[in-house]
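Asker: Here you go, this is final.txt (compact mmCIF, C-alpha atoms and all ligand atoms).
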# COMPACT_ATOMS: atom_id res chain seq x y z
CA MET A 119 -76.79 12.54 -16.98
CA PHE A 120 -77.38 10.82 -13.66
CA THR A 121 -78.22 7.48 -15.23
CA GLN A 122 -76.72 4.65 -13.25
CA HIS A 123 -75.38 1.39 -14.59
CA HIS A 124 -72.81 -1.24 -13.61
CA THR A 125 -73.60 -0.52 -9.97
CA ALA A 126 -71.08 -3.16 -8.83
CA HIS A 127 -68.28 -0.87 -10.00
CA TRP A 128 -69.07 2.15 -7.87
CA GLY A 129 -66.63 3.18 -5.21
CA ARG A 130 -64.16 0.31 -5.55
CA TRP A 131 -60.51 0.53 -6.50
CA ARG A 132 -59.57 -1.58 -9.47
CA GLU A 133 -55.87 -2.22 -10.21
CA VAL A 134 -55.50 -1.63 -13.97
CA GLY A 135 -51.69 -1.81 -14.02
CA ASP A 136 -48.87 -2.43 -11.56
CA ARG A 137 -49.81 -0.27 -8.52
CA VAL A 138 -52.13 1.84 -10.67
CA PHE A 139 -55.74 2.01 -9.52
CA VAL A 140 -58.99 3.42 -10.85
CA ARG A 141 -62.10 4.20 -8.83
CA ARG A 142 -65.38 4.75 -10.65
CA ASN A 143 -67.56 7.10 -8.68
CA LYS A 144 -71.32 7.10 -8.78
CA THR A 145 -71.85 10.82 -9.31
CA LEU A 146 -71.54 11.38 -13.07
CA ASP A 147 -69.61 8.08 -13.35
CA VAL A 148 -66.44 10.14 -12.93
CA ASN A 149 -63.11 8.36 -12.49
CA ALA A 150 -60.38 9.00 -9.96
CA GLY A 151 -56.91 7.45 -10.20
CA LEU A 152 -54.20 6.43 -7.76
CA VAL A 153 -50.57 5.65 -8.61
CA LEU A 154 -48.27 4.31 -5.91
CA GLY A 155 -44.54 5.01 -5.83
CA ASP A 156 -42.04 4.03 -3.15
CA ASP A 157 -42.11 7.44 -1.45
CA ARG A 158 -45.32 9.16 -2.57
CA CYS A 159 -48.63 8.42 -4.21
CA LEU A 160 -50.37 10.40 -6.95
CA VAL A 161 -54.11 11.06 -6.84
CA ILE A 162 -55.61 11.89 -10.23
CA ASP A 163 -58.69 14.11 -9.98
CA THR A 164 -60.53 14.85 -6.75
CA ARG A 165 -64.25 14.61 -7.68
CA GLY A 166 -66.92 17.29 -7.58
CA SER A 167 -67.34 18.48 -4.00
CA GLU A 168 -65.52 18.39 -0.67
CA ARG A 169 -67.81 15.63 0.61
CA GLU A 170 -66.92 13.56 -2.41
CA GLY A 171 -63.26 14.56 -2.06
CA LEU A 172 -63.25 13.40 1.56
CA GLU A 173 -64.78 10.07 0.57
CA LEU A 174 -62.05 9.70 -2.06
CA TYR A 175 -59.34 10.73 0.40
CA ARG A 176 -60.48 8.01 2.81
CA ALA A 177 -60.50 5.50 -0.05
CA VAL A 178 -56.91 6.48 -0.88
CA ARG A 179 -55.98 5.96 2.77
CA SER A 180 -57.53 2.49 2.66
CA ILE A 181 -54.85 1.59 0.08
CA THR A 182 -51.78 3.55 1.22
CA GLY A 183 -50.39 5.80 3.94
CA LEU A 184 -47.89 7.44 1.54
CA PRO A 185 -47.82 11.26 1.25
CA HIS A 186 -49.94 12.34 -1.67
CA VAL A 187 -49.48 14.48 -4.77
CA VAL A 188 -52.56 15.60 -6.72
CA ALA A 189 -52.90 15.93 -10.51
CA LEU A 190 -56.01 17.56 -11.99
CA THR A 191 -56.83 16.58 -15.58
CA HIS A 192 -58.71 19.85 -16.23
CA SER A 193 -60.64 22.64 -14.56
CA HIS A 194 -64.17 21.19 -14.62
CA PHE A 195 -65.78 20.93 -11.20
CA ASP A 196 -66.40 17.17 -11.26
CA HIS A 197 -62.63 16.60 -11.54
CA CYS A 198 -61.27 19.17 -9.11
CA PHE A 199 -63.75 20.51 -6.55
CA GLY A 200 -62.66 17.96 -3.92
CA THR A 201 -59.08 19.29 -3.94
CA ALA A 202 -59.35 21.32 -0.71
CA VAL A 203 -59.60 18.09 1.29
CA PHE A 204 -56.27 16.84 -0.08
CA ALA A 205 -54.64 20.22 0.52
CA GLU A 206 -55.79 20.53 4.12
CA ASN A 207 -54.79 16.96 5.01
CA GLN A 208 -51.21 17.61 3.92
CA PRO A 209 -50.04 21.23 4.18
CA ASP A 210 -47.22 20.91 1.60
CA CYS A 211 -49.39 19.02 -0.88
CA GLU A 212 -48.33 19.50 -4.50
CA ILE A 213 -51.35 20.11 -6.75
CA TRP A 214 -50.53 19.89 -10.44
CA ALA A 215 -52.55 21.06 -13.44
CA HIS A 216 -52.12 22.82 -16.75
CA GLU A 217 -51.33 26.54 -16.43
CA ARG A 218 -54.65 27.44 -18.10
CA ALA A 219 -56.48 25.24 -15.59
CA HIS A 220 -54.88 27.37 -12.90
CA ALA A 221 -55.97 30.54 -14.67
CA ASP A 222 -59.50 29.24 -15.16
CA LEU A 223 -59.95 28.11 -11.54
CA ALA A 224 -58.36 31.27 -10.12
CA THR A 225 -60.46 33.57 -12.31
CA ASN A 226 -63.70 31.68 -12.93
CA GLY A 227 -63.74 29.00 -10.24
CA LEU A 228 -66.35 30.69 -8.06
CA GLN A 229 -68.49 31.50 -11.09
CA GLN A 230 -68.30 27.84 -12.15
CA ARG A 231 -69.39 26.85 -8.64
CA VAL A 232 -72.42 29.14 -8.80
CA GLU A 233 -73.40 27.94 -12.28
CA ILE A 234 -73.07 24.24 -11.43
CA ALA A 235 -75.01 24.66 -8.18
CA SER A 236 -77.91 26.31 -10.00
CA TRP A 237 -77.79 23.67 -12.76
CA LEU A 238 -77.97 20.95 -10.07
CA ARG A 239 -80.91 22.73 -8.39
CA GLU A 240 -82.75 22.92 -11.71
CA SER A 241 -82.06 19.18 -12.13
CA GLY A 242 -83.62 18.47 -8.72
CA GLU A 243 -80.25 17.60 -7.18
CA GLU A 244 -80.70 19.82 -4.11
CA VAL A 245 -78.25 17.90 -1.89
CA LEU A 246 -75.45 18.02 -4.44
CA ALA A 247 -76.20 21.71 -5.05
CA GLY A 248 -75.75 22.39 -1.32
CA GLU A 249 -72.41 20.58 -1.42
CA LEU A 250 -71.31 22.76 -4.31
CA ASP A 251 -72.16 25.91 -2.32
CA ALA A 252 -69.70 24.80 0.38
CA VAL A 253 -66.73 24.08 -1.91
CA ARG A 254 -63.52 26.03 -1.32
CA VAL A 255 -62.21 26.31 -4.87
CA THR A 256 -58.54 25.32 -4.71
CA PRO A 257 -56.39 26.15 -7.75
CA PRO A 258 -53.22 24.12 -8.40
CA ASN A 259 -49.93 25.25 -6.83
CA ARG A 260 -47.79 23.61 -9.52
CA THR A 261 -48.44 24.19 -13.21
CA MET A 262 -47.17 22.82 -16.51
CA ALA A 263 -47.52 24.00 -20.11
CA ALA A 264 -46.39 21.06 -22.27
CA ASP A 265 -44.69 18.40 -20.14
CA ALA A 266 -43.67 17.78 -16.56
CA THR A 267 -42.34 14.77 -14.68
CA ILE A 268 -43.26 13.77 -11.15
CA ASP A 269 -40.96 11.43 -9.23
CA LEU A 270 -42.96 9.25 -6.86
CA GLY A 271 -39.88 7.33 -5.69
CA GLY A 272 -38.81 4.38 -7.84
CA ARG A 273 -41.17 5.40 -10.62
CA GLN A 274 -41.86 8.47 -12.68
CA VAL A 275 -45.15 9.79 -13.94
CA VAL A 276 -45.35 12.17 -16.91
CA LEU A 277 -47.85 15.01 -17.20
CA HIS A 278 -48.51 15.99 -20.80
CA HIS A 279 -50.70 18.52 -22.61
CA PRO A 280 -51.41 17.13 -26.09
CA GLY A 281 -53.27 20.24 -27.32
CA ARG A 282 -56.75 21.74 -27.07
CA GLY A 283 -59.69 19.38 -27.09
CA HIS A 284 -62.34 18.91 -24.41
CA THR A 285 -61.03 22.20 -22.93
CA ASP A 286 -57.93 24.34 -23.49
CA ASN A 287 -56.33 22.86 -20.37
CA ASP A 288 -56.55 19.08 -20.68
CA MET A 289 -53.61 17.32 -19.05
CA VAL A 290 -53.00 13.60 -19.44
CA VAL A 291 -51.15 11.55 -16.83
CA GLU A 292 -48.87 8.86 -18.20
CA VAL A 293 -47.54 5.97 -16.14
CA PRO A 294 -45.03 4.53 -18.62
CA ASP A 295 -43.79 1.61 -16.54
CA ALA A 296 -47.37 0.33 -16.15
CA ASP A 297 -48.54 1.13 -19.72
CA VAL A 298 -51.47 3.17 -18.34
CA THR A 299 -52.59 6.65 -19.45
CA PHE A 300 -55.19 8.80 -17.70
CA VAL A 301 -56.68 11.11 -20.34
CA GLY A 302 -59.38 13.00 -18.43
CA ASP A 303 -62.38 14.06 -20.52
CA LEU A 304 -60.43 13.96 -23.78
CA LEU A 305 -62.28 10.63 -23.89
CA GLU A 306 -65.56 9.59 -22.29
CA GLN A 307 -66.91 6.08 -22.12
CA GLY A 308 -70.64 5.51 -21.67
CA ALA A 309 -71.52 9.10 -22.65
CA PRO A 310 -70.83 11.28 -25.67
CA PRO A 311 -67.79 13.56 -25.59
CA SER A 312 -68.64 16.83 -23.84
CA PHE A 313 -68.31 19.89 -26.06
CA ASP A 314 -69.54 22.72 -23.81
CA HIS A 315 -66.06 24.26 -23.44
CA ALA A 316 -64.44 22.27 -26.24
CA TYR A 317 -62.36 23.10 -29.30
CA PRO A 318 -64.06 20.77 -31.80
CA LEU A 319 -61.72 21.70 -34.67
CA ASP A 320 -58.60 20.92 -32.62
CA TRP A 321 -59.85 17.91 -30.69
CA ALA A 322 -59.34 15.12 -33.25
CA PRO A 323 -55.77 16.23 -34.15
CA THR A 324 -55.04 16.32 -30.41
CA LEU A 325 -56.31 12.74 -30.04
CA THR A 326 -54.31 11.64 -33.09
CA ARG A 327 -51.14 12.96 -31.45
CA LEU A 328 -52.14 11.31 -28.20
CA LEU A 329 -52.56 7.95 -29.95
CA GLU A 330 -48.78 7.92 -30.55
CA ARG A 331 -48.13 8.07 -26.80
CA VAL A 332 -50.90 6.23 -24.98
CA GLY A 333 -50.42 2.93 -23.22
CA SER A 334 -52.57 -0.13 -23.84
CA VAL A 335 -54.77 0.83 -20.87
CA ILE A 336 -56.52 4.18 -21.15
CA VAL A 337 -58.55 5.66 -18.30
CA PRO A 338 -61.16 8.14 -19.57
CA GLY A 339 -62.58 10.90 -17.41
CA HIS A 340 -65.90 9.08 -17.13
CA GLY A 341 -66.88 5.43 -17.52
CA ASP A 342 -65.02 2.19 -17.99
CA VAL A 343 -61.36 1.77 -18.89
CA VAL A 344 -60.79 1.71 -22.67
CA ASP A 345 -58.05 0.89 -25.20
CA PRO A 346 -56.40 2.63 -28.18
CA ARG A 347 -59.08 1.31 -30.57
CA PHE A 348 -61.72 3.15 -28.52
CA LEU A 349 -59.60 6.28 -28.76
CA MET A 350 -59.52 5.92 -32.56
CA ARG A 351 -63.29 5.46 -32.74
CA GLN A 352 -64.09 8.48 -30.58
CA CYS A 353 -61.47 10.48 -32.51
CA ALA A 354 -63.27 9.63 -35.76
CA GLN A 355 -66.61 10.77 -34.31
CA ILE A 356 -65.09 14.09 -33.23
CA ALA A 357 -63.37 14.50 -36.62
CA GLU A 358 -66.80 14.01 -38.23
CA VAL A 359 -68.11 17.00 -36.26
CA ALA A 360 -65.22 19.19 -37.39
CA ASP A 361 -65.53 18.08 -41.03
CA LEU A 362 -69.26 18.84 -41.05
CA ALA A 363 -68.78 22.22 -39.36
CA ARG A 364 -66.25 23.22 -42.03
CA ARG A 365 -68.63 22.25 -44.84
CA LEU A 366 -71.73 24.01 -43.45
CA PRO A 367 -72.63 27.61 -44.32
CA SER A 368 -71.54 29.92 -41.53
CA HIS A 369 -74.90 31.30 -40.36
CA LEU A 370 -77.35 28.43 -40.15
CA ASP A 371 -80.28 28.82 -37.80
CA ASP A 372 -80.86 26.40 -34.94
CA THR A 373 -83.40 24.28 -36.84
CA ASP A 374 -80.89 23.60 -39.60
CA LEU A 375 -78.09 22.98 -37.11
CA GLU A 376 -80.29 20.53 -35.20
CA TRP A 377 -81.03 18.62 -38.38
CA HIS A 378 -77.33 18.32 -39.20
CA ALA A 379 -76.47 17.45 -35.59
CA SER A 380 -79.02 14.62 -35.57
CA ARG A 381 -76.96 12.81 -38.23
CA LEU A 382 -73.72 12.88 -36.23
CA ALA A 383 -72.35 9.78 -34.49
CA VAL A 384 -71.83 11.76 -31.25
CA GLY A 385 -75.60 12.17 -31.05
CA ASP A 386 -77.94 15.12 -31.57
CA GLN A 387 -77.47 16.93 -28.24
CA ALA A 388 -73.66 16.73 -28.11
CA GLY A 389 -73.58 17.33 -31.84
CA LEU A 390 -75.57 20.57 -31.63
CA ILE A 391 -73.31 22.00 -28.94
CA ALA A 392 -70.28 20.85 -30.92
CA LEU A 393 -71.46 22.45 -34.16
CA ARG A 394 -72.21 25.75 -32.39
CA ARG A 395 -68.76 25.75 -30.78
CA ALA A 396 -67.10 24.86 -34.08
CA GLN A 397 -68.95 27.64 -35.91
CA GLU A 398 -67.90 30.19 -33.28
CA HIS A 399 -64.33 29.02 -33.65
CA LEU A 400 -64.48 29.18 -37.45
CA ALA A 401 -65.91 32.71 -37.26
CA GLU A 402 -63.00 33.76 -35.03
CA LEU A 403 -60.51 32.23 -37.45
CA ALA A 404 -62.15 34.06 -40.38
CA GLN A 405 -61.58 37.39 -38.62
CA LEU A 406 -57.86 36.83 -38.13
ZN ZN B 501 -64.77 17.93 -18.28
Is it possible to express this structure as structure tokens?
Ligand SMILES: [Zn+2]

Answerer:
Amino acid sequence: MFTQHHTAHWGRWREVGDRVFVRRNKTLDVNAGLVLGDDRCLVIDTRGSEREGLELYRAVRSITGLPHVVALTHSHFDHCFGTAVFAENQPDCEIWAHERAHADLATNGLQQRVEIASWLRESGEEVLAGELDAVRVTPPNRTMAADATIDLGGRQVVLHHPGRGHTDNDMVVEVPDADVTFVGDLLEQGAPPSFDHAYPLDWAPTLTRLLERVGSVIVPGHGDVVDPRFLMRQCAQIAEVADLARRLPSHLDDTDLEWHASRLAVGDQAGLIALRRAQEHLAELAQL
């Protein structure tokens, strides 16, 4: 998970469209975005701790002095635990996310912090774990359910929820005049899709709908910038998981599930989590 590659990319802004920037960050290879308008700028995702958020904030200020708006692609810590820095540096700061991201952070944010800190400690990442302990979880103060538009002055950015996928609160950020779409962890480059809180049966249909709207430049939540063909490929891999889950008997033991998972294109580890999630979901549907 902490494998490092393409070290030349870390911590530098790259302009991927007219006044649209992406910064790949070393921790977890997570991306942050920056969109400049005439009056305001939009920061997309705030990284995984306040130290990391402060580093990102300073990087934003190296590009622009414009007042900032924040958009959070979903409620996972590595995308939103740096938010407090952006809030405290601008008291009226708008922080946008899906309404279920708000609910998740408001209800489970501290629990997530505790769980991630202990996971980091078990992984030997004591310094990062200490940073997690100090995070002031900051839920959004503006929410959307399906669509919202943010006016940055001279350009508009669209926030859109295409359906459940990586989580139930994924929000994509579309910059139509630059043909760029930030999709959060609905796509990951350089790592398998992450299924821990996913809806594997819904995810591929969500990506299929998203394909109709995305620009030619797609910024995933982690890794390098991709294109619509990458979206189609990862969509097919996720559809394979859902198809297999529907065909399997409902109460397979772990050994059988592992064997089936090892044949999936997403890989055995992601596949096992995905199959378990899909089976839970199918069991819920069967009870309705
Ligand atoms: Zn995530």

Asker: Between atom CA of A:Arg395 and atom CA of A:Ala316, what distance in Å does the model show, to one decimal?

Answerer: 7.2 Å

Asker: Between A:Asp156, A:Asp386, A:Asp286, A:Asp342, which residue has the minimum interatomic distance to ligand ZN 501 (chain B), considering all atoms listed in the file?

Answerer: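 The answer is A:Asp286, which sits nearest to ligand ZN 501 (chain B).
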
Asker: Per residue of stretch 246-344 of chain A within 10 Å of stretch 164-181 of chain A, what are the shortest atom pair and its distance in Å to one decimal, counting all atoms listed in the file, with rows by chain and residue number, as CSV?

Answerer:
residue,atom,partner,partner_atom,distance
A:Leu246,CA,A:Ser167,CA,8.1
A:Ala247,CA,A:Ser167,CA,9.5
A:Gly248,CA,A:Ser167,CA,9.7
A:Glu249,CA,A:Ser167,CA,6.1
A:Leu250,CA,A:Ser167,CA,5.8
A:Asp251,CA,A:Ser167,CA,9.0
A:Ala252,CA,A:Glu168,CA,7.7
A:Val253,CA,A:Glu168,CA,5.9
A:Arg254,CA,A:Glu168,CA,7.9
A:Val255,CA,A:Ser167,CA,9.4

Asker: Once you count all atoms listed in the file, which residues end up within 8 Å of ligand ZN 501 (chain B), and could you hand them over as a ChimeraX atom specification?

Answerer: /A:192-197,284-285,302-303,312,339

Asker: Using only C-alpha atoms, which of the listed residues (A:Glu358, A:Asp163, A:Asp295, A:Asp345) sits closest to A:Gly389?

Answerer: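 With only C-alpha atoms as the atom set, the closest residue is A:Glu358.
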
Asker: May I ask for the distance between atom CA of A:Thr373 and atom CA of A:Val359, given in Å to one decimal place?

Answerer: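 Result for atom CA of A:Thr373 versus atom CA of A:Val359: 16.9 Å, one decimal.
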
Asker: List the neighbours of A:Arg347 out to 12 Å using only C-alpha atoms; skip same-chain residues closer than 3 positions along the sequence, and give me the result as a PyMOL selection string.

Answerer: chain A and resi 305+325-326+329+332-336+343-344+350-354

Asker: Using all atoms listed in the file, find the one residue out of A:Gln307, A:Ser380, A:Gln397, A:Asn207 that sits nearest to A:Val337.

Answerer: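 Going through A:Gln307, A:Ser380, A:Gln397, A:Asn207 one by one, the smallest distance to A:Val337 is for A:Gln307.
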
Asker: Using all atoms listed in the file, which residues sit within 12 Å of A:Arg273 once same-chain residues fewer than 6 positions away are excluded, as a list in words?

Answerer: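 Counting only the stated atoms, we get Asp136, Arg137, Val138, Val153, Leu154, Gly155, Asp156, Asp157, Arg158, Cys159, Leu160, Thr267, Glu292, Val293, Pro294, Asp295 and Ala296 of chain A.
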
Asker: Tell me, in Å to one decimal, how far atom CA of A:Leu366 is from atom CA of A:Ala379.

Answerer: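 These two atoms are separated by 11.3 Å.
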
Asker: Measuring between only C-alpha atoms, which one of A:Trp131, A:Trp321, A:Trp237, A:Trp377 shows the shortest distance to A:Asp361?

Answerer: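 Between A:Trp131, A:Trp321, A:Trp237, A:Trp377, the residue approaching A:Asp361 most closely is A:Trp321.
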
Asker: List every protein, DNA or RNA residue with an atom no more than 10 Å from (-46.3, 24.5, -18.2) in the file's coordinates, counting all atoms listed in the file, and format the result as a list in words.

Answerer: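 Nearby residues: Trp214, Ala215, His216, Glu217, Arg218, Arg260, Thr261, Met262, Ala263, Ala264, Asp265, Ala266, Leu277, His278 and His279 of chain A.
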
Asker: So that I can check the surroundings of A:Arg364, please list as a list in words every protein, DNA and RNA residue that reaches within 9 Å of it, counting all atoms listed in the file and ignoring chain neighbours fewer than 6 positions away.

Answerer: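 Returned residues: Leu319, Ala396, Gln397 and Leu400 of chain A.
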
Asker: Using all atoms listed in the file, find the one residue out of A:Ala189, A:Ala221, A:Leu328, A:Val203 that sits nearest to A:Pro280.

Answerer: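 Comparing A:Ala189, A:Ala221, A:Leu328, A:Val203 against A:Pro280, the winner is A:Leu328.
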
Asker: Could you give me, as a PyMOL selection string, the residues that have an atom at most 6 Å away from the point (-55.1, 14.9, -14.0) in the coordinates of the file, using all atoms listed in the file?

Answerer: chain A and resi 162-163+189-191+289-291

Asker: Closest to A:Thr201 among A:Gln229, A:Asn259, A:Ser236, A:Asn149, using only C-alpha atoms?

Answerer: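 Closest to A:Thr201 of all the choices is A:Asn259.
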